[in-house]
>>> print(open('work-v1.txt').read())   # compact mmCIF, C-alpha atoms
# COMPACT_ATOMS: atom_id res chain seq x y z
CA MET A 249 -168.43 19.25 31.10
CA THR A 250 -165.88 20.92 33.40
CA THR A 251 -162.27 20.24 34.39
CA SER A 252 -163.51 19.42 37.90
CA GLU A 253 -165.68 16.60 36.57
CA ILE A 254 -162.79 15.22 34.52
CA ALA A 255 -160.53 15.38 37.58
CA GLU A 256 -163.15 13.60 39.74
CA LYS A 257 -163.64 10.87 37.14
CA LEU A 258 -159.89 10.16 36.99
CA GLY A 259 -159.19 10.65 40.69
CA ILE A 260 -156.63 13.40 40.11
CA SER A 261 -156.43 17.07 40.93
CA ARG A 262 -158.08 19.78 38.82
CA GLY A 263 -154.66 21.43 38.55
CA THR A 264 -153.28 18.34 36.81
CA VAL A 265 -156.11 18.45 34.26
CA SER A 266 -155.42 22.15 33.72
CA ARG A 267 -151.70 21.48 33.12
CA VAL A 268 -152.56 18.88 30.48
CA LEU A 269 -154.97 21.29 28.76
CA ASN A 270 -152.27 23.95 28.67
CA ASN A 271 -149.61 21.46 27.48
CA HIS A 272 -147.49 21.96 30.59
CA PRO A 273 -144.35 19.78 30.57
CA ASN A 274 -144.55 18.87 34.28
CA VAL A 275 -147.06 16.02 33.84
CA LYS A 276 -146.35 12.28 33.66
CA GLU A 277 -146.97 10.94 30.18
CA GLU A 278 -149.25 8.19 31.50
CA THR A 279 -151.39 10.78 33.28
CA ARG A 280 -151.40 13.04 30.24
CA GLN A 281 -152.74 10.25 28.03
CA LYS A 282 -155.47 9.37 30.55
CA VAL A 283 -156.61 12.99 30.66
CA LEU A 284 -156.60 13.31 26.87
CA ALA A 285 -158.60 10.10 26.54
CA ALA A 286 -161.16 11.36 29.07
CA ILE A 287 -161.42 14.68 27.23
CA ARG A 288 -162.24 12.85 24.01
CA GLU A 289 -164.66 10.47 25.71
CA MET A 290 -166.52 13.22 27.58
CA ASN A 291 -166.50 15.71 24.65
CA TYR A 292 -164.89 18.42 26.75
CA VAL A 293 -164.83 21.90 25.14
CA PRO A 294 -162.75 24.65 26.82
CA ASN A 295 -164.72 27.65 28.02
CA GLU A 296 -162.82 30.43 26.24
CA THR A 297 -164.80 33.14 27.99
CA ALA A 298 -163.92 31.83 31.44
CA ARG A 299 -160.31 31.31 30.41
CA THR A 300 -160.07 34.90 29.22
CA LEU A 301 -161.55 36.23 32.46
CA ILE A 302 -159.14 34.13 34.50
CA MET A 303 -156.13 35.18 32.45
CA LYS A 304 -157.37 38.80 32.40
CA LYS A 305 -155.89 39.12 28.91
CA ILE A 306 -157.32 41.80 26.66
CA TYR A 307 -156.32 41.92 22.99
CA ARG A 308 -156.58 45.32 21.31
CA ILE A 309 -156.74 45.30 17.52
CA ALA A 310 -156.72 48.37 15.26
CA VAL A 311 -158.31 48.25 11.80
CA ILE A 312 -157.17 51.04 9.46
CA VAL A 313 -158.82 51.77 6.10
CA PHE A 314 -159.14 54.78 3.81
CA SER A 315 -162.22 56.81 3.04
CA GLN A 316 -163.32 55.94 -0.50
CA PRO A 317 -165.35 54.28 -1.82
CA ALA A 318 -167.42 54.73 1.34
CA PHE A 319 -169.95 52.03 0.39
CA PHE A 320 -167.16 49.45 0.00
CA TRP A 321 -165.58 50.22 3.35
CA ALA A 322 -168.99 50.15 5.02
CA GLN A 323 -169.20 46.48 4.01
CA VAL A 324 -165.69 45.85 5.35
CA GLU A 325 -166.71 47.54 8.60
CA ASN A 326 -169.75 45.24 8.83
CA GLY A 327 -167.38 42.29 8.72
CA VAL A 328 -165.14 43.87 11.37
CA ASN A 329 -168.13 44.55 13.63
CA THR A 330 -169.38 40.98 13.28
CA ALA A 331 -165.96 39.61 14.24
CA ARG A 332 -165.82 42.06 17.15
CA SER A 333 -169.18 40.79 18.38
CA ASP A 334 -168.06 37.16 18.05
CA LEU A 335 -164.91 37.82 20.07
CA SER A 336 -166.13 40.33 22.64
CA SER A 337 -166.54 37.67 25.32
CA GLN A 338 -162.92 36.60 24.76
CA GLY A 339 -161.41 39.91 25.73
CA VAL A 340 -161.08 41.42 22.26
CA VAL A 341 -161.33 45.16 21.65
CA VAL A 342 -161.40 46.33 18.02
CA ASP A 343 -161.08 50.00 17.00
CA TYR A 344 -161.84 51.12 13.45
CA PHE A 345 -159.96 54.05 11.87
CA VAL A 346 -160.93 55.71 8.58
CA THR A 347 -158.22 57.88 6.98
CA ASP A 348 -158.51 60.44 4.17
CA ILE A 349 -157.84 58.88 0.77
CA LEU A 350 -156.04 62.09 -0.24
CA LYS A 351 -153.83 62.08 2.88
CA PRO A 352 -151.98 58.74 2.93
CA GLU A 353 -149.58 60.07 5.57
CA GLN A 354 -152.41 59.64 8.11
CA GLN A 355 -152.00 55.87 7.87
CA LEU A 356 -148.25 56.12 8.36
CA GLU A 357 -148.76 58.16 11.52
CA LEU A 358 -151.24 55.63 12.87
CA ILE A 359 -149.05 52.56 12.40
CA GLN A 360 -146.15 54.45 13.97
CA THR A 361 -148.11 55.48 17.06
CA LEU A 362 -150.77 52.81 17.74
CA PRO A 363 -148.35 50.07 18.93
CA GLY A 364 -147.29 52.41 21.73
CA GLN A 365 -150.92 52.95 22.75
CA GLY A 366 -151.57 49.42 23.93
CA TYR A 367 -152.57 47.75 20.68
CA HIS A 368 -151.40 44.19 20.03
CA GLY A 369 -151.95 43.96 16.26
CA ILE A 370 -153.05 45.94 13.22
CA VAL A 371 -155.25 45.23 10.21
CA ILE A 372 -154.61 47.74 7.44
CA ALA A 373 -155.81 48.47 3.92
CA PRO A 374 -152.82 50.44 2.57
CA ASN A 375 -153.68 53.73 0.89
CA ASP A 376 -150.09 54.22 -0.32
CA PRO A 377 -148.31 50.82 -0.10
CA GLN A 378 -144.84 52.22 -0.84
CA MET A 379 -145.15 54.70 2.01
CA LEU A 380 -146.04 51.96 4.50
CA ALA A 381 -143.88 48.99 3.46
CA ASN A 382 -140.80 49.78 5.56
CA GLU A 383 -142.83 50.62 8.66
CA ILE A 384 -144.80 47.38 8.38
CA ASP A 385 -141.51 45.48 8.14
CA LYS A 386 -140.29 47.19 11.33
CA LEU A 387 -143.43 46.24 13.21
CA SER A 388 -143.27 42.61 12.07
CA ASP A 389 -139.55 42.36 12.89
CA ASN A 390 -140.37 43.52 16.43
CA GLY A 391 -143.04 40.83 16.86
CA PHE A 392 -146.03 43.10 16.20
CA PRO A 393 -148.33 41.28 13.73
CA VAL A 394 -149.86 43.08 10.75
CA VAL A 395 -152.63 41.73 8.51
CA ILE A 396 -153.00 43.53 5.18
CA ILE A 397 -156.37 43.64 3.44
CA ASN A 398 -157.66 44.76 0.04
CA VAL A 399 -154.40 46.26 -1.31
CA GLU A 400 -151.46 43.88 -1.43
CA ILE A 401 -147.87 44.87 -0.60
CA PRO A 402 -145.97 41.94 -2.14
CA THR A 403 -142.66 42.69 -0.40
CA ALA A 404 -144.05 43.42 3.07
CA ASN A 405 -143.29 41.21 6.05
CA GLN A 406 -146.93 40.57 6.98
CA LEU A 407 -148.83 37.92 8.88
CA CYS A 408 -151.00 37.52 5.79
CA TYR A 409 -152.82 39.34 3.00
CA ILE A 410 -156.60 38.98 2.64
CA GLY A 411 -158.09 40.42 -0.51
CA CYS A 412 -158.27 40.25 -4.27
CA ASP A 413 -155.98 38.63 -6.80
CA TYR A 414 -156.04 41.75 -8.95
CA ILE A 415 -154.41 40.27 -12.03
CA GLN A 416 -157.05 37.54 -12.07
CA SER A 417 -159.68 40.23 -11.52
CA GLY A 418 -158.50 42.02 -14.67
CA ILE A 419 -158.49 38.73 -16.58
CA LEU A 420 -162.09 38.17 -15.53
CA ALA A 421 -163.05 41.65 -16.80
CA GLY A 422 -161.38 40.84 -20.12
CA GLU A 423 -163.34 37.60 -20.38
CA LEU A 424 -166.56 39.50 -19.75
CA PHE A 425 -165.77 41.94 -22.56
CA SER A 426 -165.12 39.00 -24.89
CA ARG A 427 -168.58 37.64 -24.11
CA PHE A 428 -170.43 40.93 -24.39
CA LEU A 429 -168.63 42.10 -27.54
CA SER A 430 -168.57 39.57 -30.36
CA VAL A 431 -167.52 41.89 -33.19
CA GLU A 432 -164.55 44.20 -33.79
CA SER A 433 -164.61 46.59 -30.83
CA ASP A 434 -162.54 49.42 -29.33
CA ILE A 435 -162.22 49.61 -25.55
CA LEU A 436 -161.58 52.72 -23.47
CA ILE A 437 -159.72 52.19 -20.18
CA LEU A 438 -160.26 54.56 -17.26
CA THR A 439 -157.51 54.47 -14.64
CA LEU A 440 -155.64 56.69 -12.17
CA LYS A 441 -152.94 59.32 -12.67
CA ASP A 442 -151.07 58.12 -9.59
CA PRO A 443 -149.56 54.63 -9.70
CA VAL A 444 -151.57 52.23 -7.55
CA HIS A 445 -150.31 48.65 -7.59
CA ALA A 446 -153.76 47.03 -7.41
CA ILE A 447 -155.17 49.12 -10.26
CA GLU A 448 -152.09 48.49 -12.43
CA GLN A 449 -152.46 44.75 -11.81
CA ARG A 450 -156.08 44.88 -12.93
CA ILE A 451 -155.05 46.45 -16.21
CA THR A 452 -152.22 43.93 -16.60
CA GLY A 453 -154.77 41.13 -16.26
CA LEU A 454 -157.14 42.82 -18.69
CA ARG A 455 -154.38 43.20 -21.30
CA LYS A 456 -153.41 39.56 -20.85
CA GLU A 457 -156.95 38.34 -21.51
CA LEU A 458 -157.71 40.75 -24.37
CA SER A 459 -154.54 39.60 -26.16
CA ARG A 460 -156.37 36.30 -26.68
CA HIS A 461 -159.21 38.01 -28.58
CA ASP A 462 -158.20 39.59 -31.88
CA HIS A 463 -161.47 41.49 -32.25
CA LEU A 464 -160.95 43.47 -29.01
CA ASN A 465 -158.62 46.46 -29.10
CA ILE A 466 -157.53 48.82 -26.31
CA ALA A 467 -157.99 52.10 -28.17
CA ARG A 468 -157.32 54.63 -25.42
CA ILE A 469 -156.31 54.97 -21.76
CA GLU A 470 -157.47 57.97 -19.74
CA ARG A 471 -156.08 58.83 -16.29
CA PHE A 472 -157.99 60.58 -13.50
CA ARG A 473 -157.64 61.87 -9.96
CA ARG A 474 -157.80 59.46 -7.05
CA ASP A 475 -161.10 60.87 -5.75
CA SER A 476 -162.86 60.56 -9.16
CA SER A 477 -163.94 64.21 -9.01
CA ASP A 478 -162.82 64.93 -12.59
CA VAL A 479 -164.32 61.84 -14.25
CA TYR A 480 -167.73 63.17 -15.28
CA ASP A 481 -166.62 66.45 -16.90
CA ARG A 482 -163.67 64.94 -18.72
CA LEU A 483 -165.66 61.98 -20.03
CA VAL A 484 -168.46 64.22 -21.31
CA SER A 485 -165.90 66.34 -23.13
CA MET A 486 -163.96 63.38 -24.53
CA LEU A 487 -166.93 61.24 -25.57
CA SER A 488 -168.57 64.23 -27.25
CA CYS A 489 -165.66 64.25 -29.67
CA SER A 490 -164.94 60.51 -29.73
CA PRO A 491 -168.12 58.50 -29.07
CA GLU A 492 -166.96 55.42 -30.95
CA TYR A 493 -165.92 53.16 -28.03
CA GLN A 494 -167.86 49.93 -27.80
CA GLY A 495 -166.52 49.10 -24.33
CA ILE A 496 -165.45 51.12 -21.28
CA TYR A 497 -163.35 49.49 -18.56
CA VAL A 498 -163.54 51.34 -15.24
CA SER A 499 -160.57 50.11 -13.23
CA PHE A 500 -161.26 52.20 -10.10
CA ASP A 501 -164.17 53.74 -8.19
CA ALA A 502 -165.81 55.70 -11.02
CA LEU A 503 -168.67 53.55 -12.29
CA VAL A 504 -171.41 55.98 -11.25
CA GLN A 505 -169.64 58.98 -12.82
CA THR A 506 -169.03 57.00 -16.02
CA VAL A 507 -172.69 56.06 -16.35
CA ALA A 508 -173.72 59.67 -15.70
CA ALA A 509 -171.46 60.93 -18.51
CA VAL A 510 -172.62 58.27 -20.99
CA SER A 511 -176.28 58.90 -20.10
CA HIS A 512 -175.85 62.66 -20.47
CA LEU A 513 -174.62 62.20 -24.03
CA ASN A 514 -177.38 59.70 -24.82
CA LEU A 515 -174.90 57.50 -26.70
CA ASN A 516 -176.43 54.96 -29.04
CA PRO A 517 -175.48 52.20 -28.92
CA VAL A 518 -174.63 52.37 -25.23
CA PRO A 519 -171.07 51.10 -24.65
CA VAL A 520 -170.52 47.97 -22.57
CA ILE A 521 -169.40 49.30 -19.17
CA ILE A 522 -167.61 46.95 -16.76
CA GLY A 523 -166.13 47.91 -13.39
CA TYR A 524 -165.88 46.95 -9.74
CA ASP A 525 -167.83 46.80 -6.46
CA LEU A 526 -171.49 47.30 -5.66
CA SER A 527 -173.53 50.12 -4.15
CA GLU A 528 -177.22 50.96 -4.36
CA GLU A 529 -176.55 53.32 -7.27
CA ILE A 530 -174.48 50.74 -9.11
CA CYS A 531 -177.22 48.17 -8.49
CA THR A 532 -179.79 50.51 -10.05
CA HIS A 533 -177.59 51.02 -13.12
CA LEU A 534 -177.15 47.27 -13.44
CA LYS A 535 -180.90 46.73 -13.41
CA ASN A 536 -181.33 49.48 -16.01
CA ARG A 537 -178.66 47.78 -18.15
CA LYS A 538 -176.46 50.88 -18.10
CA ILE A 539 -173.69 48.84 -16.49
CA ALA A 540 -173.13 45.43 -18.06
CA ALA A 541 -171.37 43.85 -15.07
CA THR A 542 -169.42 44.64 -11.93
CA ILE A 543 -166.89 42.43 -10.16
CA CYS A 544 -167.04 42.13 -6.36
CA HIS A 545 -164.33 41.00 -3.93
CA GLU A 546 -166.13 39.93 -0.74
CA PRO A 547 -165.52 43.07 1.35
CA PHE A 548 -167.43 41.66 4.36
CA ASN A 549 -165.10 38.67 4.53
CA GLN A 550 -162.01 40.85 4.26
CA GLY A 551 -162.93 42.63 7.48
CA TYR A 552 -164.29 39.59 9.27
CA PHE A 553 -161.50 37.11 8.67
CA ALA A 554 -158.73 39.67 9.14
CA VAL A 555 -159.84 40.27 12.74
CA LYS A 556 -160.44 36.57 13.43
CA ILE A 557 -157.09 35.48 12.01
CA LEU A 558 -155.19 38.20 13.89
CA HIS A 559 -156.91 37.30 17.17
CA ARG A 560 -156.14 33.62 16.68
CA PHE A 561 -152.48 34.44 16.17
CA LEU A 562 -152.35 36.72 19.21
CA SER A 563 -154.18 34.36 21.55
CA LYS A 564 -152.86 30.99 20.39
CA GLY A 565 -149.81 31.72 18.27
CA ILE A 566 -151.40 30.01 15.26
CA ALA A 567 -150.53 31.66 11.96
CA PRO A 568 -152.70 31.12 8.85
CA SER A 569 -151.59 28.24 6.64
CA SER A 570 -150.99 30.66 3.75
CA SER A 571 -149.73 34.24 3.70
CA LEU A 572 -151.96 34.97 0.70
CA ILE A 573 -155.70 34.51 1.17
CA TYR A 574 -157.55 35.52 -1.97
CA ASN A 575 -161.26 36.28 -1.89
CA LYS A 576 -163.70 34.97 -4.46
CA LEU A 577 -164.28 37.02 -7.59
CA GLU A 578 -168.02 37.43 -8.04
CA VAL A 579 -169.59 38.71 -11.25
CA VAL A 580 -172.74 40.72 -10.53
CA MET A 581 -175.20 41.59 -13.29
CA ALA A 582 -178.81 42.73 -13.51
CA SER A 583 -180.31 39.33 -12.80
CA ASN A 584 -178.36 38.58 -9.59
CA ALA A 585 -177.59 42.02 -8.13
CA LYS A 586 -180.35 41.76 -5.51
CA TYR A 587 -178.58 38.81 -3.89
CA TYR A 588 -175.46 40.88 -3.18
CA LEU A 589 -176.86 44.20 -1.99
CA ASN A 590 -178.35 44.68 1.47
CA GLU A 591 -178.85 40.98 1.96
CA PRO A 592 -179.45 39.93 5.59
CA LEU A 593 -176.18 38.99 7.25
CA ARG A 594 -176.25 35.37 8.31
CA THR A 595 -173.41 35.47 10.78
CA GLU A 596 -173.36 31.72 11.23
CA MET A 597 -172.23 31.35 7.61
CA PHE A 598 -169.07 33.27 8.41
CA GLN A 599 -168.11 31.62 11.70
CA MET A 600 -164.50 30.55 11.76
CA THR A 601 -163.96 27.06 13.11
CA GLU A 602 -160.79 25.85 14.75
CA THR A 603 -159.77 24.15 11.51
CA VAL A 604 -159.85 27.32 9.36
>>> encode(input="work-v1.txt", output="structure tokens")
Amino acid sequence: MTTSEIAEKLGISRGTVSRVLNNHPNVKEETRQKVLAAIREMNYVPNETARTLIMKKIYRIAVIVFSQPAFFWAQVENGVNTARSDLSSQGVVVDYFVTDILKPEQQLELIQTLPGQGYHGIVIAPNDPQMLANEIDKLSDNGFPVVIINVEIPTANQLCYIGCDYIQSGILAGELFSRFLSVESDILILTLKDPVHAIEQRITGLRKELSRHDHLNIARIERFRRDSSDVYDRLVSMLSCSPEYQGIYVSFDALVQTVAAVSHLNLNPVPVIIGYDLSEEICTHLKNRKIAATICHEPFNQGYFAVKILHRFLSKGIAPSSSLIYNKLEVVMASNAKYYLNEPLRTEMFQMTETV
């Protein structure tokens, strides 16, 4: 069905139909209602590809992430690429930037320079939220939309946040410990030396849940470098002297190193290890029962919906109904790991309809 056919049916010009479709004020109300009724009757669907070509409007979107864990960001990138493919016929160009996790200033430089290079919006996973907050506010105040994924900046003036509710994620980890450990147990927490809001929220949630279980005790907290390079050696040294922990909570990207240290020491019984995200190595350790459970945060959807939501705002001025869009928390264990790793992407399951 085309606008020409609607115009012919009603005996009016194609330009009048076009003005109604674009909500132009210079149309008689009686004519507007006739056109709208015909659109409904004839099931007219606008051809977005043709409209984009006619308008010659290209939307350039930058997606900025940091480098580790690489397997996690690869899944985010899959979501970004799927959204890019969906929108390519509508004049959307998406560029993907990976910055060094140890050089957060790279992200600051990008969000300061990309708007002047023809980009219309940015999706960013903040490496150092405090470093970026003021700059994101400046962009938003100047009408340049920013979608934040994965790492929330609660005070930032953003279009929306898409990612994890990290306090709830920590609560879920605490509930898992309570189910795996039914007797008096000491838990070792592994976290970062540098303050990272998301990681701190995880531990806040864990503490909240463990406070409900008298038999679970946080016995020790150990802090490590952001890149996890010191985890294995320090854990081997520490657990050699203090092997008594029944549970180990890995609040950041160090599950593989933790398993390697525990396996090296041949601890018996093996402590209950719970952490986050899923890679092929983590999947193997789940199947071998060396990791009790890992919690996943839908990385594909973070990338996919961030691009789709930003494009919808740029092209139609429609903001998401909520500024906080939390992903599902998914517990992955030995028996269901295969359904989460390397599963075929069924793009149709992730299509965003006009009502989303």
>>> closest_atom_pairs(input="work-v1.txt", of="range 491-584 of chain A", to="range 361-378 of chain A", cutoff="8 Å", atoms="only C-alpha atoms", output="CSV")
residue,atom,partner,partner_atom,distance
A:Ala554,CA,A:Val371,CA,6.6
A:Val555,CA,A:Val371,CA,7.2
A:Leu558,CA,A:Gly369,CA,7.0
A:Leu562,CA,A:His368,CA,7.6
>>> closest_residue(input="work-v1.txt", among="A:Leu440, A:Leu429, A:Ile451, A:Ile359", to="Asp501 in chain A", atoms="all atoms listed in the file")
A:Leu440
>>> closest_residue(input="work-v1.txt", among="A:Arg450, A:Arg262, A:His512, A:His559", to="Tyr480 in chain A", atoms="only C-alpha atoms")
A:His512
>>> closest_residue(input="work-v1.txt", among="A:Asn575, A:Ser583, A:Ser426, A:Gln550", to="Val395 in chain A", atoms="only C-alpha atoms")
A:Gln550
>>> closest_atom_pairs(input="work-v1.txt", of="range 273-387 of chain A", to="range 534-549 of chain A", cutoff="8 Å", atoms="all atoms listed in the file", output="tab-separated table")
residue	atom	partner	partner_atom	distance
A:Phe320	CA	A:Pro547	CA	6.7
A:Trp321	CA	A:Pro547	CA	7.4
A:Gln323	CA	A:Phe548	CA	5.1
A:Val324	CA	A:Phe548	CA	4.6
A:Glu325	CA	A:Phe548	CA	7.3
A:Asn326	CA	A:Phe548	CA	6.2
A:Gly327	CA	A:Phe548	CA	4.4
A:Val328	CA	A:Phe548	CA	7.7
>>> write_last_selection(input="work-v1.txt", atoms="C-alpha atoms", output="PDB file, in the coordinates of the input")
ATOM      1  CA  PHE A 320    -167.160  49.450   0.000  1.00  0.00           C
ATOM      2  CA  TRP A 321    -165.580  50.220   3.350  1.00  0.00           C
ATOM      3  CA  GLN A 323    -169.200  46.480   4.010  1.00  0.00           C
ATOM      4  CA  VAL A 324    -165.690  45.850   5.350  1.00  0.00           C
ATOM      5  CA  GLU A 325    -166.710  47.540   8.600  1.00  0.00           C
ATOM      6  CA  ASN A 326    -169.750  45.240   8.830  1.00  0.00           C
ATOM      7  CA  GLY A 327    -167.380  42.290   8.720  1.00  0.00           C
ATOM      8  CA  VAL A 328    -165.140  43.870  11.370  1.00  0.00           C
TER       9      VAL A 328
END
>>> closest_atom_pairs(input="work-v1.txt", of="range 314-424 of chain A", to="range 453-472 of chain A", cutoff="12 Å", atoms="all atoms listed in the file", output="tab-separated table")
residue	atom	partner	partner_atom	distance
A:Asp413	CA	A:Gly453	CA	9.9
A:Tyr414	CA	A:Gly453	CA	7.4
A:Ile415	CA	A:Gly453	CA	4.3
A:Gln416	CA	A:Gly453	CA	6.0
A:Ser417	CA	A:Gly453	CA	6.9
A:Gly418	CA	A:Gly453	CA	4.2
A:Ile419	CA	A:Gly453	CA	4.4
A:Leu420	CA	A:Leu454	CA	7.5
A:Ala421	CA	A:Leu454	CA	6.3
A:Gly422	CA	A:Leu454	CA	4.9
A:Glu423	CA	A:Glu457	CA	6.5
A:Leu424	CA	A:Glu457	CA	9.8
>>> atom_distance(input="work-v1.txt", atom1="CA of Pro352 in chain A", atom2="CA of Met379 in chain A")
8.0 Å
>>> closest_residue(input="work-v1.txt", among="A:Pro491, A:Leu356, A:Ile557, A:Gly411", to="Asn514 in chain A", atoms="all atoms listed in the file")
A:Pro491
>>> residues_around(input="work-v1.txt", residues="Leu515 in chain A", least_positions_apart="5", cutoff="12 Å", atoms="all atoms listed in the file", output="PyMOL selection string")
chain A and resi 484+487-494+507-510+520+538
>>> residues_around(input="work-v1.txt", residues="Glu528 in chain A", least_positions_apart="6", cutoff="10 Å", atoms="all atoms listed in the file", output="list in words")
Phe319, Leu534, Ala585, Lys586, Leu589 and Asn590 of chain A
>>> closest_residue(input="work-v1.txt", among="A:Ser527, A:Gln355, A:Ser333, A:Thr279", to="Ser315 in chain A", atoms="all atoms listed in the file")
A:Gln355
>>> atom_distance(input="work-v1.txt", atom1="CA of Val518 in chain A", atom2="CA of Lys576 in chain A")
29.2 Å
>>> atom_distance(input="work-v1.txt", atom1="CA of Ser388 in chain A", atom2="CA of Ser336 in chain A")
25.3 Å
>>> closest_residue(input="work-v1.txt", among="A:Phe553, A:Pro317, A:Asp334, A:Glu383", to="Phe500 in chain A", atoms="all atoms listed in the file")
A:Pro317
